[in-house]
>>> print(open('model_5.txt').read())   # compact mmCIF, C-alpha atoms and all ligand atoms
# COMPACT_ATOMS: atom_id res chain seq x y z
CA MET G 1 -5.88 20.08 -24.69
CA THR G 2 -6.62 19.25 -21.09
CA LEU G 3 -4.12 17.33 -19.02
CA LYS G 4 -5.83 14.79 -16.78
CA ILE G 5 -3.86 14.10 -13.61
CA LYS G 6 -4.97 11.16 -11.50
CA PHE G 7 -5.50 12.05 -7.88
CA SER G 8 -4.35 8.55 -6.93
CA ASP G 9 -0.93 9.34 -8.48
CA ILE G 10 -0.58 12.50 -6.41
CA LEU G 11 -1.75 10.67 -3.30
CA ARG G 12 0.75 7.87 -3.79
CA ALA G 13 3.54 10.41 -4.28
CA THR G 14 2.65 12.34 -1.13
CA LEU G 15 5.06 10.87 1.40
CA GLY G 16 5.42 11.23 5.14
CA LEU G 17 7.99 13.68 6.48
CA SER G 18 9.71 10.91 8.45
CA THR G 19 10.62 9.00 5.27
CA GLY G 20 13.16 11.71 4.38
CA ASN G 21 11.91 11.43 0.82
CA GLU G 22 9.73 13.52 -1.40
CA SER G 23 8.31 13.26 -4.87
CA TRP G 24 8.08 15.41 -7.93
CA VAL G 25 5.60 15.52 -10.72
CA GLY G 26 6.97 16.28 -14.16
CA VAL G 27 4.83 17.77 -16.93
CA SER G 28 5.88 17.60 -20.58
CA PRO G 29 6.66 20.91 -22.30
CA ASP G 30 3.49 20.56 -24.41
CA GLY G 31 1.41 19.83 -21.35
CA ASP G 32 0.05 16.61 -22.81
CA SER G 33 1.53 14.14 -20.34
CA TYR G 34 3.01 13.86 -16.89
CA HIS G 35 4.97 11.44 -14.77
CA ILE G 36 5.75 11.05 -11.11
CA VAL G 37 9.29 10.88 -9.79
CA SER G 38 9.20 9.19 -6.43
CA PRO G 39 10.83 8.88 -4.04
CA VAL G 40 13.63 11.40 -4.28
CA ASP G 41 16.04 11.85 -1.43
CA SER G 42 15.25 15.27 0.04
CA GLN G 43 18.96 16.25 -0.06
CA ILE G 44 18.99 15.74 -3.83
CA ALA G 45 15.70 17.55 -4.02
CA LYS G 46 17.25 20.55 -2.24
CA GLY G 47 19.93 20.59 -4.91
CA VAL G 48 17.20 20.73 -7.51
CA MET G 49 15.53 23.58 -5.65
CA ALA G 50 18.83 25.48 -5.77
CA CYS G 51 18.61 25.31 -9.56
CA ASN G 52 21.37 22.74 -9.90
CA ARG G 53 19.25 20.92 -12.42
CA PRO G 54 21.26 19.99 -15.52
CA THR G 55 19.69 20.76 -18.87
CA ASP G 56 19.96 17.23 -20.24
CA GLY G 57 17.64 15.46 -17.82
CA THR G 58 17.83 15.70 -14.07
CA PRO G 59 19.87 13.65 -11.62
CA PHE G 60 16.67 12.28 -10.12
CA GLY G 61 15.29 10.61 -13.20
CA GLY G 62 13.41 13.43 -14.89
CA TYR G 63 13.34 14.33 -18.56
CA SER G 64 15.00 17.36 -20.09
CA ARG G 65 12.76 20.37 -20.82
CA TRP G 66 9.97 18.92 -18.65
CA ILE G 67 8.66 21.12 -15.87
CA TYR G 68 8.97 19.66 -12.37
CA PHE G 69 6.82 20.47 -9.37
CA ARG G 70 7.72 19.37 -5.90
CA ILE G 71 5.19 17.32 -3.92
CA PRO G 72 5.98 18.34 -0.35
CA PRO G 73 5.80 15.66 2.35
CA TYR G 74 3.00 15.72 4.88
CA SER G 75 3.45 15.86 8.63
CA GLU G 76 2.59 12.63 10.45
CA SER G 77 2.20 14.42 13.78
CA THR G 78 -1.60 14.10 13.74
CA ASP G 79 -3.77 11.26 15.01
CA ASN G 80 -5.20 10.53 11.60
CA THR G 81 -2.27 10.27 9.21
CA GLN G 82 -4.45 8.94 6.36
CA ASN G 83 -6.51 12.11 6.52
CA ALA G 84 -3.42 14.30 6.75
CA ARG G 85 -2.03 12.61 3.66
CA GLN G 86 -5.30 12.96 1.73
CA ASN G 87 -5.58 16.65 2.65
CA GLN G 88 -2.00 17.36 1.69
CA ALA G 89 -2.49 15.55 -1.63
CA TRP G 90 -5.58 17.67 -2.40
CA LEU G 91 -3.71 20.90 -1.61
CA VAL G 92 -0.82 19.81 -3.82
CA ALA G 93 -3.21 18.86 -6.63
CA GLN G 94 -5.02 22.22 -6.53
CA GLU G 95 -1.76 24.17 -6.37
CA LEU G 96 -0.45 22.13 -9.31
CA VAL G 97 -3.49 22.98 -11.42
CA ASN G 98 -3.06 26.69 -10.57
CA ARG G 99 0.62 26.74 -11.40
CA LEU G 100 0.10 24.90 -14.67
CA GLN G 101 -2.63 27.36 -15.59
CA ARG G 102 -0.18 30.23 -15.14
CA LEU G 103 2.08 28.43 -17.64
CA GLY G 104 -0.78 28.14 -20.11
CA ILE G 105 -1.45 24.45 -19.46
CA VAL G 106 -5.00 23.40 -18.64
CA ALA G 107 -5.08 20.51 -16.17
CA ILE G 108 -7.80 18.79 -14.19
CA ILE G 109 -7.57 16.37 -11.31
CA ASP G 110 -9.24 13.05 -11.98
CA SER G 111 -10.46 11.59 -8.71
CA SER G 112 -12.78 8.92 -10.17
CA GLU G 113 -10.41 6.22 -8.94
CA ALA G 114 -10.52 7.56 -5.40
CA ARG G 115 -14.29 7.27 -5.52
CA SER G 116 -14.19 3.72 -6.86
CA THR G 117 -11.89 2.77 -3.97
CA GLU G 118 -14.54 4.09 -1.60
CA SER G 119 -17.23 1.91 -3.15
CA GLU G 120 -14.81 -1.01 -3.11
CA ASN G 121 -14.42 -0.46 0.61
CA ARG G 122 -18.17 -0.67 1.00
CA VAL G 123 -18.08 -4.04 -0.78
CA HIS G 124 -15.35 -5.10 1.69
CA ASN G 125 -17.64 -4.31 4.56
CA SER G 126 -20.34 -6.61 3.25
CA TYR G 127 -17.76 -9.33 2.63
CA VAL G 128 -18.98 -12.89 3.20
CA LYS G 129 -16.48 -15.51 4.33
CA ALA G 130 -16.12 -18.47 1.97
CA LYS G 131 -15.55 -22.01 3.23
CA PRO G 132 -11.86 -22.92 3.09
CA VAL G 133 -11.30 -25.70 0.56
CA CYS G 134 -8.27 -27.76 -0.44
CA GLN G 135 -7.36 -27.09 -4.07
CA LYS G 136 -6.11 -30.65 -4.56
CA CYS G 137 -8.35 -33.14 -2.74
CA GLY G 138 -11.37 -30.88 -2.35
CA ASP G 139 -11.65 -31.29 1.44
CA GLU G 140 -13.66 -28.50 3.03
CA TRP G 141 -13.69 -26.96 6.46
CA ASN G 142 -16.88 -25.48 7.79
CA ARG G 143 -15.29 -22.77 9.82
CA LEU G 144 -11.97 -21.09 10.24
CA ALA G 145 -11.74 -22.56 13.73
CA ASP G 146 -11.85 -26.05 12.21
CA CYS G 147 -8.88 -25.19 10.01
CA LEU G 148 -6.87 -23.98 12.97
CA ARG G 149 -7.70 -27.12 14.93
CA ASP G 150 -6.79 -29.46 12.10
CA PRO G 151 -3.31 -30.95 12.65
CA ASP G 152 -3.23 -31.84 8.93
CA LEU G 153 -3.14 -28.20 7.92
CA ASN G 154 -0.02 -26.09 8.30
CA LEU G 155 0.65 -22.49 7.44
CA HIS G 156 2.86 -22.51 4.37
CA ALA G 157 3.08 -18.87 3.34
CA TYR G 158 1.74 -15.41 3.95
CA ARG G 159 1.06 -13.74 0.62
CA ALA G 160 0.90 -10.09 1.65
CA CYS G 161 -0.75 -7.48 -0.51
CA VAL G 162 1.30 -4.37 0.28
CA ASP G 163 -1.14 -2.01 -1.46
CA ASP G 164 -4.02 -3.19 0.68
CA PHE G 165 -3.13 -5.56 3.50
CA GLN G 166 -6.75 -6.72 3.74
CA LYS G 167 -6.34 -8.38 0.34
CA GLY G 168 -3.54 -10.67 1.52
CA VAL G 169 -3.83 -14.46 1.78
CA PHE G 170 -2.65 -17.03 4.29
CA VAL G 171 -1.66 -20.16 2.36
CA PHE G 172 -1.97 -23.43 4.25
CA VAL G 173 -0.67 -26.78 3.01
CA HIS G 174 -2.86 -29.83 3.49
CA LYS G 175 -1.63 -33.35 4.26
CA CYS G 176 -2.41 -34.28 0.62
CA GLY G 177 0.06 -31.62 -0.53
CA GLY G 178 -2.67 -29.30 -1.80
CA PHE G 179 -2.99 -25.66 -0.82
CA VAL G 180 -5.80 -24.00 1.08
CA ASN G 181 -5.98 -20.24 0.63
CA ILE G 182 -7.69 -18.24 3.32
CA PRO G 183 -8.07 -14.45 3.00
CA VAL G 184 -6.31 -12.62 5.83
CA ARG G 185 -9.41 -10.54 6.47
CA ASP G 186 -11.04 -13.70 7.87
CA PHE G 187 -8.48 -13.37 10.67
CA VAL G 188 -7.62 -9.70 10.96
CA ARG G 189 -9.86 -6.68 10.86
CA LYS G 190 -8.85 -3.56 8.97
CA SER G 191 -7.12 -1.00 11.15
CA TYR G 192 -7.02 2.69 10.42
CA VAL G 193 -4.70 3.41 13.32
CA THR G 194 -1.32 2.51 11.88
CA ARG G 195 -0.35 3.55 8.40
CA ASN G 196 1.11 1.43 5.67
CA VAL G 197 4.88 1.99 5.38
CA ALA G 198 5.56 -0.98 3.09
CA GLY G 199 8.44 -0.18 0.78
CA LEU G 200 9.38 2.98 2.65
CA GLN G 201 12.49 3.54 4.72
CA ALA G 202 11.12 1.99 7.92
CA CYS G 203 10.16 -1.23 6.11
CA PRO G 204 12.46 -4.27 6.42
CA GLY G 205 10.71 -5.81 3.40
CA PHE G 206 9.53 -9.15 4.83
CA CYS G 207 6.14 -8.73 3.13
CA TYR G 208 7.78 -9.05 -0.27
CA TYR G 209 8.71 -12.67 0.48
CA GLU G 210 5.68 -14.89 0.94
CA ARG G 211 7.63 -17.72 2.55
CA SER G 212 8.90 -15.38 5.24
CA LEU G 213 6.90 -15.73 8.45
CA GLN G 214 9.25 -13.37 10.22
CA GLU G 215 7.69 -11.00 12.73
CA CYS G 216 8.08 -7.32 11.84
CA SER G 217 8.72 -4.53 14.33
CA ALA G 218 8.03 -1.64 11.93
CA PHE G 219 5.25 0.69 12.99
CA CYS G 220 3.16 -0.39 10.04
CA GLU G 221 -0.34 -1.61 9.38
CA GLY G 222 1.17 -4.81 7.96
CA SER G 223 2.94 -5.81 11.20
CA ARG G 224 -0.34 -7.01 12.71
CA TYR G 225 -0.86 -9.47 9.87
CA ARG G 226 2.63 -10.83 10.36
CA ARG G 227 2.03 -11.30 14.08
CA VAL G 228 -1.11 -13.31 13.31
CA ALA G 229 0.77 -15.39 10.72
CA LEU G 230 3.43 -16.20 13.27
CA ARG G 231 0.83 -17.13 15.86
CA ILE G 232 -0.91 -19.46 13.39
CA SER G 233 2.36 -21.12 12.38
CA ARG G 234 3.29 -21.72 16.04
CA ARG G 235 -0.12 -22.96 17.15
CA ARG G 236 -0.60 -26.38 18.63
CA PRO G 237 -3.61 -27.51 16.59
CA VAL G 238 -5.18 -30.01 19.00
CA GLN G 239 -5.37 -27.53 21.83
CA SER G 240 -6.33 -24.39 19.95
CA LYS G 241 -9.70 -22.81 20.52
CA GLU G 242 -11.51 -20.15 18.49
CA PRO G 243 -9.25 -18.17 16.14
CA ALA G 244 -8.01 -14.96 17.58
CA VAL G 245 -9.41 -12.01 15.69
CA VAL G 246 -7.36 -8.97 16.54
ZN ZN U 1 -6.13 -31.82 0.48
>>> encode(input="model_5.txt", output="structure tokens", more="lines below")
Ligand SMILES: [Zn+2]
Amino acid sequence: MTLKIKFSDILRATLGLSTGNESWVGVSPDGDSYHIVSPVDSQIAKGVMACNRPTDGTPFGGYSRWIYFRIPPYSESTDNTQNARQNQAWLVAQELVNRLQRLGIVAIIDSSEARSTESENRVHNSYVKAKPVCQKCGDEWNRLADCLRDPDLNLHAYRACVDDFQKGVFVFVHKCGGFVNIPVRDFVRKSYVTRNVAGLQACPGFCYYERSLQECSAFCEGSRYRRVALRISRRRPVQSKEPAVV
């Protein structure tokens, strides 16, 4: 039997050093399944390293008799943290396969999902903007700029997508009471500079509440989208010019 481990699982569990957390991957005694334990406070993890693991399941949510491998955090001290994370995840994955092999368990890393994300990104790049339309009365706006100028449209919510901020939606409410959904990527270009810390220690969690238009000071990819949301909600429609694409 070959254990298939998704690369995307390892990647997700590879956390930045600054989070103070780390993950573990647990493999069943028969080597037929695995699960990820993440995040684990690194102090607890140190206890586990010192063999303080109880025999009837671990204090960090593992199963008894399963074999646990630590997924060490990656250092964010480089310019390209996404790359650093990817590289670390690949090293961890290869090491995991080697260690399992020594225990008589055959494992392979399945990276098909990582590839499909790449092709999805290519689709993103050829993305064509759709005309904003009111879901209730059917009114249409030719361009985004027309929406921003229209005093009858107000920003109602920012529906963030914390897995991929480019997939978020700004929800406007029309004077008829209907909603107009506009993808955030019509306003904000993808940035590879800041990383996504949604749900991690540095995250105040605003993105989990769509009605929150609160600005966020976390050093996170998502903060830019919140700044734009705030700017839209505070705009004075009659005077606004072209939308600001940041
Ligand atoms: Zn309407």
>>> residues_around(input="model_5.txt", residues="region 129-141 of chain G", least_positions_apart="4", cutoff="12 Å", atoms="only C-alpha atoms", output="list in words")
His124, Asn125, Ala145, Asp146, Cys147, Leu148, Arg149, Asp150, Asp152, Leu153, Val169, Phe170, Val171, Phe172, Val173, His174, Lys175, Cys176, Gly177, Gly178, Phe179, Val180, Asn181, Ile182, Pro183, Val184, Arg185, Asp186 and Phe187 of chain G
>>> atom_distance(input="model_5.txt", atom1="CA of Asn21 (chain G)", atom2="CA of Ile71 (chain G)")
10.1 Å
>>> atom_distance(input="model_5.txt", atom1="CA of Gln166 (chain G)", atom2="CA of Lys6 (chain G)")
23.6 Å
>>> closest_residue(input="model_5.txt", among="G:Asn83, G:Ser28, G:Thr19, G:Ser38", to="Tyr63 (chain G)", atoms="only C-alpha atoms")
G:Ser28
>>> residues_around(input="model_5.txt", residues="Leu200 (chain G)", least_positions_apart="3", cutoff="12 Å", atoms="all atoms listed in the file", output="list in words")
Arg12, Ala13, Leu15, Gly16, Leu17, Ser18, Thr19, Gly20, Asn21, Glu22, Ser38, Pro39, Val40, Asp41, Val162, Arg195, Asn196, Val197, Cys203, Pro204, Gly205, Ala218, Phe219 and Cys220 of chain G
>>> write_last_selection(input="model_5.txt", atoms="C-alpha atoms", output="PDB file, keeping the file's coordinate frame")
ATOM      1  CA  ARG G  12       0.750   7.870  -3.790  1.00  0.00           C
ATOM      2  CA  ALA G  13       3.540  10.410  -4.280  1.00  0.00           C
ATOM      3  CA  LEU G  15       5.060  10.870   1.400  1.00  0.00           C
ATOM      4  CA  GLY G  16       5.420  11.230   5.140  1.00  0.00           C
ATOM      5  CA  LEU G  17       7.990  13.680   6.480  1.00  0.00           C
ATOM      6  CA  SER G  18       9.710  10.910   8.450  1.00  0.00           C
ATOM      7  CA  THR G  19      10.620   9.000   5.270  1.00  0.00           C
ATOM      8  CA  GLY G  20      13.160  11.710   4.380  1.00  0.00           C
ATOM      9  CA  ASN G  21      11.910  11.430   0.820  1.00  0.00           C
ATOM     10  CA  GLU G  22       9.730  13.520  -1.400  1.00  0.00           C
ATOM     11  CA  SER G  38       9.200   9.190  -6.430  1.00  0.00           C
ATOM     12  CA  PRO G  39      10.830   8.880  -4.040  1.00  0.00           C
ATOM     13  CA  VAL G  40      13.630  11.400  -4.280  1.00  0.00           C
ATOM     14  CA  ASP G  41      16.040  11.850  -1.430  1.00  0.00           C
ATOM     15  CA  VAL G 162       1.300  -4.370   0.280  1.00  0.00           C
ATOM     16  CA  ARG G 195      -0.350   3.550   8.400  1.00  0.00           C
ATOM     17  CA  ASN G 196       1.110   1.430   5.670  1.00  0.00           C
ATOM     18  CA  VAL G 197       4.880   1.990   5.380  1.00  0.00           C
ATOM     19  CA  CYS G 203      10.160  -1.230   6.110  1.00  0.00           C
ATOM     20  CA  PRO G 204      12.460  -4.270   6.420  1.00  0.00           C
ATOM     21  CA  GLY G 205      10.710  -5.810   3.400  1.00  0.00           C
ATOM     22  CA  ALA G 218       8.030  -1.640  11.930  1.00  0.00           C
ATOM     23  CA  PHE G 219       5.250   0.690  12.990  1.00  0.00           C
ATOM     24  CA  CYS G 220       3.160  -0.390  10.040  1.00  0.00           C
TER      25      CYS G 220
END
>>> residues_near_point(input="model_5.txt", point="(-7.9, 19.3, -14.7)", cutoff="12 Å", atoms="only C-alpha atoms", output="list in words")
Met1, Thr2, Leu3, Lys4, Ile5, Lys6, Phe7, Gly31, Asp32, Ala93, Gln94, Glu95, Leu96, Val97, Asn98, Arg99, Leu100, Gln101, Ile105, Val106, Ala107, Ile108, Ile109, Asp110 and Ser111 of chain G
>>> atom_distance(input="model_5.txt", atom1="CA of Leu213 (chain G)", atom2="CA of Val188 (chain G)")
15.9 Å
